[in-house]
$ cat start.cif   # mmCIF, C-alpha atoms
data_data
#
loop_
_atom_site.label_atom_id
_atom_site.label_comp_id
_atom_site.auth_asym_id
_atom_site.auth_seq_id
_atom_site.Cartn_x
_atom_site.Cartn_y
_atom_site.Cartn_z
CA MET O 1 0.00 0.00 0.00
CA ALA O 2 2.85 2.38 0.81
CA GLY O 3 4.23 1.65 -2.65
CA PHE O 4 0.90 2.36 -4.29
CA LEU O 5 0.55 5.74 -2.57
CA LEU O 6 4.11 6.65 -3.48
CA GLY O 7 3.24 5.79 -7.08
CA VAL O 8 0.18 8.02 -6.99
CA ARG O 9 2.23 10.88 -5.54
CA THR O 10 5.02 10.40 -8.06
CA ALA O 11 2.56 10.34 -10.98
CA SER O 12 0.82 13.55 -9.93
CA THR O 13 4.08 15.51 -9.93
CA SER O 14 5.55 13.77 -12.99
CA VAL O 15 5.97 15.61 -16.27
CA PHE O 16 3.89 12.78 -17.73
CA ALA O 17 0.74 13.89 -15.87
CA PHE O 18 0.86 17.01 -18.03
CA VAL O 19 2.00 15.15 -21.15
CA ILE O 20 -0.78 12.55 -20.87
CA ALA O 21 -3.42 15.23 -20.26
CA VAL O 22 -2.44 17.05 -23.46
CA THR O 23 -2.03 13.84 -25.47
CA TYR O 24 -5.44 12.50 -24.55
CA ILE O 25 -7.28 15.80 -24.98
CA GLY O 26 -5.92 15.54 -28.53
CA PHE O 27 -6.98 11.90 -28.79
CA GLY O 28 -10.50 12.67 -27.53
CA ALA O 29 -10.86 15.41 -30.12
CA LEU O 30 -9.62 13.01 -32.82
CA CYS O 31 -12.26 10.43 -31.85
CA HIS O 32 -14.94 13.12 -32.11
CA ASP O 33 -13.60 14.05 -35.58
CA TYR O 34 -14.00 10.45 -36.74
CA GLY O 35 -17.48 10.06 -35.23
CA PHE O 36 -16.80 7.54 -32.45
CA PRO O 37 -18.92 7.66 -29.25
CA VAL O 38 -17.31 9.30 -26.21
CA GLY O 39 -17.59 6.08 -24.18
CA TRP O 40 -15.68 4.22 -26.88
CA ALA O 41 -12.92 6.82 -26.84
CA MET O 42 -12.52 6.66 -23.06
CA LEU O 43 -12.64 2.85 -23.03
CA SER O 44 -9.90 2.78 -25.66
CA THR O 45 -7.64 4.84 -23.39
CA ALA O 46 -8.38 2.62 -20.37
CA ILE O 47 -7.94 -0.81 -21.96
CA GLN O 48 -5.65 -0.16 -24.92
CA TRP O 49 -3.36 2.37 -23.20
CA ALA O 50 -0.86 2.82 -26.00
CA GLY O 51 -1.05 6.27 -27.57
CA PRO O 52 0.30 5.64 -31.08
CA ALA O 53 -1.70 2.39 -31.42
CA GLN O 54 -4.89 4.22 -30.40
CA VAL O 55 -4.34 6.89 -33.07
CA ILE O 56 -3.71 4.17 -35.66
CA LEU O 57 -6.89 2.31 -34.67
CA VAL O 58 -9.12 5.40 -34.86
CA THR O 59 -7.77 6.64 -38.18
CA ALA O 60 -7.82 3.14 -39.71
CA LEU O 61 -11.37 2.31 -38.60
CA GLY O 62 -12.52 5.81 -39.51
CA SER O 63 -11.13 5.57 -43.02
CA GLY O 64 -12.43 2.06 -43.63
CA THR O 65 -9.12 0.16 -43.64
CA ALA O 66 -9.46 -3.65 -43.79
CA ALA O 67 -9.68 -5.40 -40.41
CA ILE O 68 -6.53 -7.52 -40.84
CA GLU O 69 -4.49 -4.56 -42.04
CA THR O 70 -5.67 -2.52 -39.04
CA ALA O 71 -4.79 -5.25 -36.52
CA VAL O 72 -1.33 -5.71 -38.08
CA ALA O 73 -0.61 -1.96 -38.00
CA VAL O 74 -1.70 -1.74 -34.36
CA GLY O 75 0.31 -4.85 -33.47
CA LEU O 76 3.47 -3.57 -35.16
CA SER O 77 3.28 -0.24 -33.39
CA SER O 78 2.90 -2.01 -30.04
CA VAL O 79 5.84 -4.42 -30.42
CA ARG O 80 7.84 -1.85 -28.47
CA LEU O 81 5.85 -2.85 -25.36
CA LEU O 82 7.53 -6.28 -25.34
CA PRO O 83 11.10 -5.16 -24.54
CA LEU O 84 9.71 -2.59 -22.07
CA VAL O 85 7.95 -5.35 -20.12
CA VAL O 86 10.92 -7.75 -20.29
CA ALA O 87 13.30 -5.05 -19.02
CA LEU O 88 10.89 -4.01 -16.25
CA LEU O 89 10.06 -7.41 -14.74
CA PRO O 90 13.38 -8.24 -13.05
CA VAL O 91 13.38 -4.76 -11.51
CA VAL O 92 9.93 -5.03 -9.91
CA LYS O 93 9.34 -8.69 -9.10
CA SER O 94 10.64 -10.66 -6.16
CA GLU O 95 10.88 -14.41 -5.56
CA ARG O 96 7.43 -14.45 -4.01
CA THR O 97 5.69 -12.64 -6.90
CA LYS O 98 2.99 -14.75 -8.60
CA PRO O 99 2.55 -14.40 -12.37
CA TRP O 100 -1.03 -13.08 -11.99
CA GLN O 101 0.26 -10.22 -9.87
CA LEU O 102 2.13 -9.00 -12.93
CA ILE O 103 -0.90 -8.72 -15.26
CA VAL O 104 -2.02 -5.35 -13.85
CA PRO O 105 1.33 -3.50 -13.64
CA VAL O 106 2.21 -4.84 -17.06
CA HIS O 107 -1.04 -3.52 -18.55
CA PHE O 108 0.03 -0.04 -17.43
CA MET O 109 3.35 -0.37 -19.26
CA ALA O 110 3.68 2.27 -21.91
CA VAL O 111 6.77 4.33 -22.65
CA SER O 112 5.76 7.02 -20.13
CA VAL O 113 5.15 4.65 -17.20
CA TRP O 114 8.21 2.58 -18.12
CA ILE O 115 10.57 5.55 -18.10
CA GLU O 116 9.32 6.66 -14.66
CA SER O 117 9.29 3.10 -13.23
CA MET O 118 12.82 2.30 -14.39
CA ARG O 119 14.10 5.62 -13.07
CA LEU O 120 12.48 5.49 -9.64
CA ALA O 121 11.70 1.85 -8.72
CA PRO O 122 15.33 0.90 -7.94
CA SER O 123 15.38 3.49 -5.14
CA ILE O 124 12.42 2.02 -3.22
CA PRO O 125 12.18 -1.31 -1.31
CA ARG O 126 11.65 -4.26 -3.63
CA GLU O 127 8.41 -5.47 -2.02
CA GLN O 128 6.83 -2.05 -2.71
CA ARG O 129 7.79 -1.84 -6.37
CA ILE O 130 4.77 -3.59 -7.92
CA GLY O 131 2.48 -1.41 -5.82
CA PHE O 132 4.47 1.60 -6.96
CA CYS O 133 3.93 0.72 -10.65
CA ASN O 134 0.23 0.14 -9.99
CA GLY O 135 -0.15 3.52 -8.28
CA LEU O 136 1.78 5.26 -11.03
CA GLY O 137 -0.20 3.50 -13.76
CA THR O 138 -3.64 3.90 -12.15
CA THR O 139 -3.10 7.63 -11.73
CA LEU O 140 -1.80 8.24 -15.25
CA VAL O 141 -4.48 6.05 -16.89
CA SER O 142 -7.19 7.90 -14.90
CA ILE O 143 -5.83 11.25 -16.07
CA GLY O 144 -5.79 9.86 -19.62
CA VAL O 145 -9.39 8.60 -19.48
CA ILE O 146 -10.76 11.84 -18.00
CA CYS O 147 -8.86 14.00 -20.50
CA THR O 148 -10.07 11.84 -23.39
CA GLY O 149 -13.62 12.78 -22.34
CA ILE O 150 -12.71 16.46 -21.92
CA GLY O 151 -10.99 16.59 -25.31
CA TYR O 152 -13.97 14.89 -26.95
CA TYR O 153 -16.31 17.68 -25.90
CA MET O 154 -13.73 20.43 -26.51
CA GLN O 155 -13.21 19.33 -30.10
CA GLY O 156 -15.17 22.28 -31.55
CA ILE O 157 -13.27 24.97 -29.66
CA LEU O 158 -9.71 23.62 -29.83
CA PRO O 159 -7.52 25.68 -32.16
CA LEU O 160 -5.89 23.81 -35.06
CA VAL O 161 -2.45 24.37 -33.54
CA PHE O 162 -3.50 22.33 -30.48
CA GLY O 163 -3.76 19.18 -32.58
CA ALA O 164 -0.17 19.58 -33.73
CA ALA O 165 1.05 20.40 -30.21
CA ALA O 166 -0.76 17.34 -28.80
CA MET O 167 0.98 15.09 -31.36
CA PHE O 168 4.38 16.67 -30.74
CA ILE O 169 4.27 16.28 -26.96
CA THR O 170 4.81 12.50 -27.34
CA PRO O 171 8.25 12.67 -29.01
CA ILE O 172 9.53 15.67 -27.05
CA SER O 173 8.57 14.17 -23.68
CA PHE O 174 9.87 10.69 -24.57
CA LEU O 175 13.19 12.15 -25.64
CA THR O 176 13.83 14.53 -22.74
CA SER O 177 12.82 12.00 -20.10
CA ALA O 178 14.74 9.18 -21.80
CA VAL O 179 17.83 11.41 -21.82
CA ARG O 180 17.24 12.15 -18.14
CA GLY O 181 16.87 8.44 -17.33
CA ALA O 182 19.94 7.31 -19.33
CA ARG O 183 22.60 6.63 -16.72
CA LEU O 184 24.78 4.07 -18.50
CA LEU O 185 26.90 4.93 -21.52
CA MET O 186 25.06 2.05 -23.19
CA GLU O 187 21.70 3.80 -22.79
CA LYS O 188 23.05 7.07 -24.15
CA ALA O 189 24.53 5.24 -27.14
CA ALA O 190 21.22 3.42 -27.71
CA LEU O 191 19.38 6.75 -27.81
CA ILE O 192 21.81 8.19 -30.35
CA PHE O 193 21.65 5.07 -32.55
CA GLY O 194 17.86 5.06 -32.35
CA LEU O 195 17.65 8.70 -33.38
CA THR O 196 20.03 8.29 -36.34
CA LEU O 197 19.29 4.78 -37.54
CA GLY O 198 15.51 5.20 -37.17
CA PRO O 199 15.14 7.94 -39.80
CA LEU O 200 17.59 6.15 -42.10
CA LEU O 201 15.49 2.98 -42.15
CA ALA O 202 12.11 4.76 -42.09
CA LEU O 203 12.92 7.09 -44.99
CA ASN O 204 14.24 4.18 -47.05
CA LYS O 205 10.89 2.50 -46.41
CA ILE O 206 12.47 -0.56 -44.81
CA GLU O 207 9.72 -2.80 -43.47
CA PHE O 208 9.47 -3.04 -39.66
CA ASP O 209 11.82 -0.06 -39.38
CA LEU O 210 11.14 0.52 -35.67
CA LEU O 211 11.88 -3.07 -34.81
CA TRP O 212 15.11 -3.18 -36.80
CA THR O 213 16.26 0.11 -35.35
CA GLY O 214 15.68 -1.23 -31.85
CA VAL O 215 17.49 -4.51 -32.45
CA ILE O 216 20.42 -3.14 -34.47
CA GLY O 217 20.88 0.10 -32.50
CA GLY O 218 20.42 -1.68 -29.17
CA THR O 219 22.86 -4.45 -30.08
CA ILE O 220 25.59 -2.00 -31.11
CA ALA O 221 25.04 -0.03 -27.89
CA TYR O 222 25.25 -3.25 -25.87
CA GLY O 223 28.46 -4.14 -27.74
CA ILE O 224 29.95 -0.77 -26.77
CA HIS O 225 29.07 -1.56 -23.15
CA ARG O 226 30.90 -4.93 -23.35
CA VAL O 227 34.00 -3.36 -24.87
CA GLN O 228 33.97 -0.63 -22.22
CA ARG O 229 33.65 -3.21 -19.46
CA MET O 230 36.48 -5.36 -20.83
CA ARG O 231 38.74 -2.31 -21.04
CA SER O 232 38.04 -1.26 -17.47
CA ALA O 233 38.56 -4.84 -16.27
CA GLY O 234 41.85 -5.08 -18.15
CA SER O 235 43.35 -1.82 -16.94
CA MET S 1 -15.37 -2.14 -42.51
CA THR S 2 -18.70 -2.58 -40.81
CA MET S 3 -17.53 -4.30 -37.65
CA GLU S 4 -19.26 -3.19 -34.49
CA PRO S 5 -16.99 -0.45 -33.01
CA TYR S 6 -16.66 -1.99 -29.54
CA LEU S 7 -15.84 -5.40 -31.02
CA ALA S 8 -13.32 -3.70 -33.31
CA LEU S 9 -11.75 -2.00 -30.29
CA LEU S 10 -11.27 -5.36 -28.58
CA LEU S 11 -10.15 -7.43 -31.56
CA LEU S 12 -8.20 -4.91 -33.63
CA GLY S 13 -7.08 -2.50 -30.89
CA VAL S 14 -6.66 -4.18 -27.51
CA LEU S 15 -5.67 -7.71 -28.53
CA PRO S 16 -2.78 -6.75 -30.89
CA SER S 17 -1.42 -4.33 -28.23
CA GLU S 18 -1.98 -6.27 -25.02
CA MET S 19 -0.57 -9.52 -26.38
CA TRP S 20 2.94 -8.02 -26.40
CA ARG S 21 2.62 -7.22 -22.69
CA TRP S 22 1.57 -10.82 -21.94
CA ILE S 23 4.34 -12.26 -24.12
CA GLY S 24 6.67 -9.96 -22.18
CA ILE S 25 5.63 -11.65 -18.92
CA LEU S 26 6.34 -15.09 -20.40
CA VAL S 27 9.72 -14.04 -21.77
CA GLY S 28 10.88 -11.91 -18.86
CA ARG S 29 9.66 -13.94 -15.89
CA GLY S 30 12.70 -16.10 -15.41
CA LEU S 31 15.34 -13.48 -16.15
CA ASP S 32 17.69 -11.99 -13.61
CA GLU S 33 18.12 -8.22 -13.26
CA GLU S 34 21.88 -8.43 -13.62
CA SER S 35 21.88 -10.89 -16.53
CA GLU S 36 23.48 -10.01 -19.86
CA ILE S 37 20.27 -10.62 -21.80
CA ILE S 38 18.35 -8.10 -19.67
CA LEU S 39 21.07 -5.53 -20.28
CA TRP S 40 20.74 -6.14 -24.03
CA VAL S 41 16.93 -5.91 -23.90
CA ARG S 42 17.26 -2.61 -22.06
CA ALA S 43 19.48 -1.28 -24.84
CA VAL S 44 17.00 -2.49 -27.49
CA ALA S 45 14.05 -0.91 -25.63
CA THR S 46 15.93 2.38 -25.33
CA ALA S 47 16.85 2.44 -29.03
CA LEU S 48 13.22 1.62 -29.88
CA VAL S 49 11.94 4.57 -27.85
CA ALA S 50 14.37 6.85 -29.70
CA ALA S 51 13.21 5.38 -33.01
CA VAL S 52 9.58 6.14 -32.10
CA VAL S 53 10.62 9.75 -31.38
CA ALA S 54 12.41 10.09 -34.72
CA ARG S 55 9.54 8.54 -36.62
CA ILE S 56 6.82 10.80 -35.20
CA VAL S 57 8.94 13.89 -35.90
CA LEU S 58 9.94 12.84 -39.44
CA ILE S 59 6.74 11.12 -40.59
CA PRO S 60 4.15 12.86 -38.42
CA PRO S 61 0.55 11.76 -38.03
CA GLY S 62 -2.37 14.12 -38.59
CA ALA S 63 -2.17 17.78 -37.65
CA LEU S 64 1.58 17.71 -36.96
CA ALA S 65 2.22 17.15 -40.67
CA ALA S 66 1.09 20.75 -41.31
CA VAL S 67 4.14 22.04 -39.41
CA PRO S 68 7.25 22.39 -41.64
CA LEU S 69 9.92 19.72 -41.04
CA TRP S 70 12.60 22.20 -40.02
CA VAL S 71 10.31 23.68 -37.35
CA ARG S 72 9.71 20.18 -35.93
CA LEU S 73 13.46 19.52 -35.86
CA VAL S 74 14.30 22.88 -34.26
CA ALA S 75 11.58 22.33 -31.65
CA LEU S 76 12.96 18.87 -30.80
CA ALA S 77 16.54 20.13 -30.54
CA GLY S 78 15.44 23.21 -28.60
CA GLY S 79 13.54 21.06 -26.13
CA VAL S 80 16.56 18.84 -25.46
CA GLY S 81 18.76 21.96 -25.21
CA ALA S 82 16.38 23.47 -22.66
CA PHE S 83 16.45 20.22 -20.68
CA TYR S 84 20.24 20.45 -20.35
CA GLY S 85 20.19 24.22 -19.83
CA ILE S 86 17.45 24.35 -17.20
CA ARG S 87 18.51 22.04 -14.32
CA ARG S 88 17.94 18.83 -16.32
CA SER S 89 14.19 19.34 -16.05
CA ALA S 90 12.09 17.21 -18.42
CA PHE S 91 9.24 19.62 -17.83
CA ALA S 92 11.32 22.57 -19.06
CA GLY S 93 12.33 20.57 -22.12
CA VAL S 94 8.72 19.77 -22.98
CA LEU S 95 7.51 23.35 -22.48
CA VAL S 96 10.29 24.96 -24.52
CA GLY S 97 9.96 22.38 -27.31
CA GLU S 98 6.21 22.91 -27.48
CA ALA S 99 6.58 26.71 -27.41
CA ILE S 100 8.98 26.60 -30.37
CA LEU S 101 6.61 24.30 -32.25
CA VAL S 102 3.53 26.46 -31.67
CA ILE S 103 5.29 29.74 -32.52
CA GLY S 104 6.86 28.12 -35.59
CA MET S 105 3.53 26.76 -36.77
CA LEU S 106 1.76 30.09 -36.35
CA ALA S 107 4.59 31.94 -38.11
CA PHE S 108 5.55 29.55 -40.91
CA GLY S 109 2.49 27.67 -41.94
CA GLY S 110 -0.02 25.15 -40.87
#
$ encode --input "start.cif" --output "structure tokens"
Amino acid sequence: MAGFLLGVRTASTSVFAFVIAVTYIGFGALCHDYGFPVGWAMLSTAIQWAGPAQVILVTALGSGTAAIETAVAVGLSSVRLLPLVVALLPVVKSERTKPWQLIVPVHFMAVSVWIESMRLAPSIPREQRIGFCNGLGTTLVSIGVICTGIGYYMQGILPLVFGAAAMFITPISFLTSAVRGARLLMEKAALIFGLTLGPLLALNKIEFDLLWTGVIGGTIAYGIHRVQRMRSAGS
Amino acid sequence: MTMEPYLALLLLGVLPSEMWRWIGILVGRGLDEESEIILWVRAVATALVAAVVARIVLIPPGALAAVPLWVRLVALAGGVGAFYGIRRSAFAGVLVGEAILVIGMLAFGG
């Protein structure tokens, strides 16, 4: 319980409380644009909880894209959740953790919650970490759901520039908080490789560009870490 | 596409997203925090996040596409610069980046 409350407190003062509010006001307005009911929009935020995938789903359904094509596009954009979850688990679980206890914290895993969990969980007692993630996630998802509803009804009065700002807040917040959270040289290198390799593959229309960027850029960064470690062990 | 919207949300939206989280539990359950594979996965996840950033800025969805590319790039760089300049505050980085984007959009198109 102490972990949960700490998570709630951390979420309310996190930059992501603001980022998620803006993002989901934008998403709510987008759902209104495409003619979805407000309950649908809010439910999507609560149970899908993956910003880019939600935008893909709404625009694909709204423009009549085939079902299979839509599911594949959503699935590809959410592959990034897999390494986030794998990297998180050993940080938050203990020997006594049952698999079912992981379903809830893992549902909350999105880039925003992951960055904050990885940054802060190591500094709190291990048995409080799952509660911490749950508190963090519950708070941010609640903000997201409420703001989806607000954005839905504000759609008519939001200036055009708000839509652009709401889309841009995702990359700018991911980048600044990822830079803040990068302690190891390996993580800094991974960020640089991701930023340079990503555009190279995307602009050359390589299929699964995000995935390849992650695997190639991450592997090179990990290699740098090994070399660095060998050097420091040798000297 | 005439699928019922709530069914579509479950089958085409939630299932293809959530399955990666569940697969993550299966893959990551037995791994140790200090193991080499976890270190590698962390590097891959970090590079992936950076790739998502680059992709949204370069190939933007919806309304962001109306903002000229150079404004998007200046706003991104300005945000990171502000983060380093202003006590390593992510909040400062976000606000400055957004301010550059909005001013740029109002001044140079959109």
$ resolve_selection --input "start.cif" --expression "the PyMOL selection byres ((chain O) within 6 of (chain S))" --output "NGL selection string"
:O and (15 or 48 or 64 or 71 or 75 or 78 or 82-87 or 90 or 163-164 or 171-173 or 176-177 or 187 or 190-191 or 194-195 or 198 or 210 or 214-215 or 217-218 or 222)
$ resolve_selection --input "start.cif" --expression "the PyMOL selection byres ((chain O and resi 131) around 12)" --output "ChimeraX atom specification"
/O:1-8,92-93,97,101-102,104-106,108,117,121,124-130,132-138
$ atom_distance --input "start.cif" --atom1 "atom CA of O:Ile68" --atom2 "atom CA of O:Phe168"
28.4 Å
$ closest_atom_pairs --input "start.cif" --of "stretch 82-168 of chain O" --to "stretch 49-56 of chain O" --cutoff "8 Å" --atoms "all atoms listed in the file" --output "tab-separated table"
residue	atom	partner	partner_atom	distance
O:His107	CA	O:Trp49	CA	7.9
O:Phe108	CA	O:Trp49	CA	7.1
O:Ala110	CA	O:Ala50	CA	6.1
O:Val141	CA	O:Trp49	CA	7.4
$ atom_distance --input "start.cif" --atom1 "atom CA of S:Ala107" --atom2 "atom CA of S:Val74"
13.8 Å
$ closest_residue --input "start.cif" --among "O:Thr196, O:Thr170, O:Thr219, O:Ser142" --to "O:Ala46" --atoms "all atoms listed in the file"
O:Ser142
$ atom_distance --input "start.cif" --atom1 "atom CA of O:Ile25" --atom2 "atom CA of O:Val74"
20.7 Å
$ residues_around --input "start.cif" --residues "O:Pro37" --least-positions-apart "5" --cutoff "10 Å" --atoms "all atoms listed in the file" --output "ChimeraX atom specification"
/O:28,31-32,42,152 /S:5-6
$ closest_residue --input "start.cif" --among "O:Ser112, O:Ser123, O:Thr148, O:Ser63" --to "O:Val91" --atoms "all atoms listed in the file"
O:Ser123
$ build_atoms --input "start.cif" --residues "stretch 64-74 of chain S" --atoms "all heavy atoms" --output "compact mmCIF listing (two decimals), in the coordinates of the input"
# COMPACT_ATOMS: atom_id res chain seq x y z
N LEU S 64 0.16 17.36 -37.06
CA LEU S 64 1.58 17.71 -36.96
C LEU S 64 2.23 17.82 -38.33
O LEU S 64 3.22 18.54 -38.51
CB LEU S 64 2.29 16.67 -36.08
CG LEU S 64 3.73 16.96 -35.66
CD1 LEU S 64 3.87 18.30 -34.97
CD2 LEU S 64 4.25 15.86 -34.76
N ALA S 65 1.66 17.13 -39.32
CA ALA S 65 2.22 17.15 -40.67
C ALA S 65 2.14 18.55 -41.29
O ALA S 65 2.90 18.87 -42.21
CB ALA S 65 1.49 16.14 -41.56
N ALA S 66 1.24 19.40 -40.77
CA ALA S 66 1.09 20.75 -41.31
C ALA S 66 2.25 21.66 -40.89
O ALA S 66 2.45 22.71 -41.48
CB ALA S 66 -0.24 21.35 -40.85
N VAL S 67 3.00 21.24 -39.88
CA VAL S 67 4.14 22.04 -39.41
C VAL S 67 5.36 21.70 -40.26
O VAL S 67 5.66 20.52 -40.43
CB VAL S 67 4.43 21.73 -37.92
CG1 VAL S 67 5.58 22.59 -37.41
CG2 VAL S 67 3.18 21.93 -37.09
N PRO S 68 6.08 22.71 -40.81
CA PRO S 68 7.25 22.39 -41.64
C PRO S 68 8.28 21.53 -40.90
O PRO S 68 8.43 21.68 -39.67
CB PRO S 68 7.85 23.78 -41.96
CG PRO S 68 6.75 24.75 -41.74
CD PRO S 68 5.84 24.16 -40.72
N LEU S 69 8.96 20.65 -41.65
CA LEU S 69 9.92 19.72 -41.04
C LEU S 69 10.97 20.43 -40.20
O LEU S 69 11.28 20.03 -39.09
CB LEU S 69 10.59 18.88 -42.13
CG LEU S 69 11.73 17.96 -41.67
CD1 LEU S 69 11.20 16.87 -40.73
CD2 LEU S 69 12.45 17.32 -42.85
N TRP S 70 11.51 21.55 -40.76
CA TRP S 70 12.60 22.20 -40.02
C TRP S 70 12.11 22.76 -38.69
O TRP S 70 12.85 22.76 -37.71
CB TRP S 70 13.30 23.26 -40.88
CG TRP S 70 12.49 24.50 -41.17
CD1 TRP S 70 11.68 24.72 -42.25
CD2 TRP S 70 12.40 25.68 -40.36
NE1 TRP S 70 11.09 25.95 -42.17
CE2 TRP S 70 11.53 26.57 -41.03
CE3 TRP S 70 12.98 26.08 -39.16
CZ2 TRP S 70 11.21 27.83 -40.51
CZ3 TRP S 70 12.67 27.34 -38.65
CH2 TRP S 70 11.80 28.20 -39.32
N VAL S 71 10.85 23.19 -38.62
CA VAL S 71 10.31 23.68 -37.35
C VAL S 71 10.23 22.53 -36.34
O VAL S 71 10.60 22.66 -35.18
CB VAL S 71 8.91 24.31 -37.55
CG1 VAL S 71 8.27 24.65 -36.19
CG2 VAL S 71 8.99 25.56 -38.41
N ARG S 72 9.79 21.35 -36.81
CA ARG S 72 9.71 20.18 -35.93
C ARG S 72 11.10 19.83 -35.39
O ARG S 72 11.26 19.53 -34.20
CB ARG S 72 9.15 18.99 -36.71
CG ARG S 72 7.65 19.07 -36.97
CD ARG S 72 7.18 17.87 -37.78
NE ARG S 72 6.89 18.21 -39.16
CZ ARG S 72 7.15 17.43 -40.21
NH1 ARG S 72 7.74 16.27 -40.05
NH2 ARG S 72 6.84 17.83 -41.43
N LEU S 73 12.10 19.88 -36.29
CA LEU S 73 13.46 19.52 -35.86
C LEU S 73 14.03 20.54 -34.88
O LEU S 73 14.64 20.17 -33.86
CB LEU S 73 14.38 19.38 -37.08
CG LEU S 73 14.06 18.18 -37.98
CD1 LEU S 73 14.93 18.21 -39.24
CD2 LEU S 73 14.27 16.87 -37.22
N VAL S 74 13.81 21.83 -35.16
CA VAL S 74 14.30 22.88 -34.26
C VAL S 74 13.62 22.76 -32.90
O VAL S 74 14.26 22.89 -31.85
CB VAL S 74 14.08 24.28 -34.87
CG1 VAL S 74 14.36 25.37 -33.84
CG2 VAL S 74 14.96 24.48 -36.10
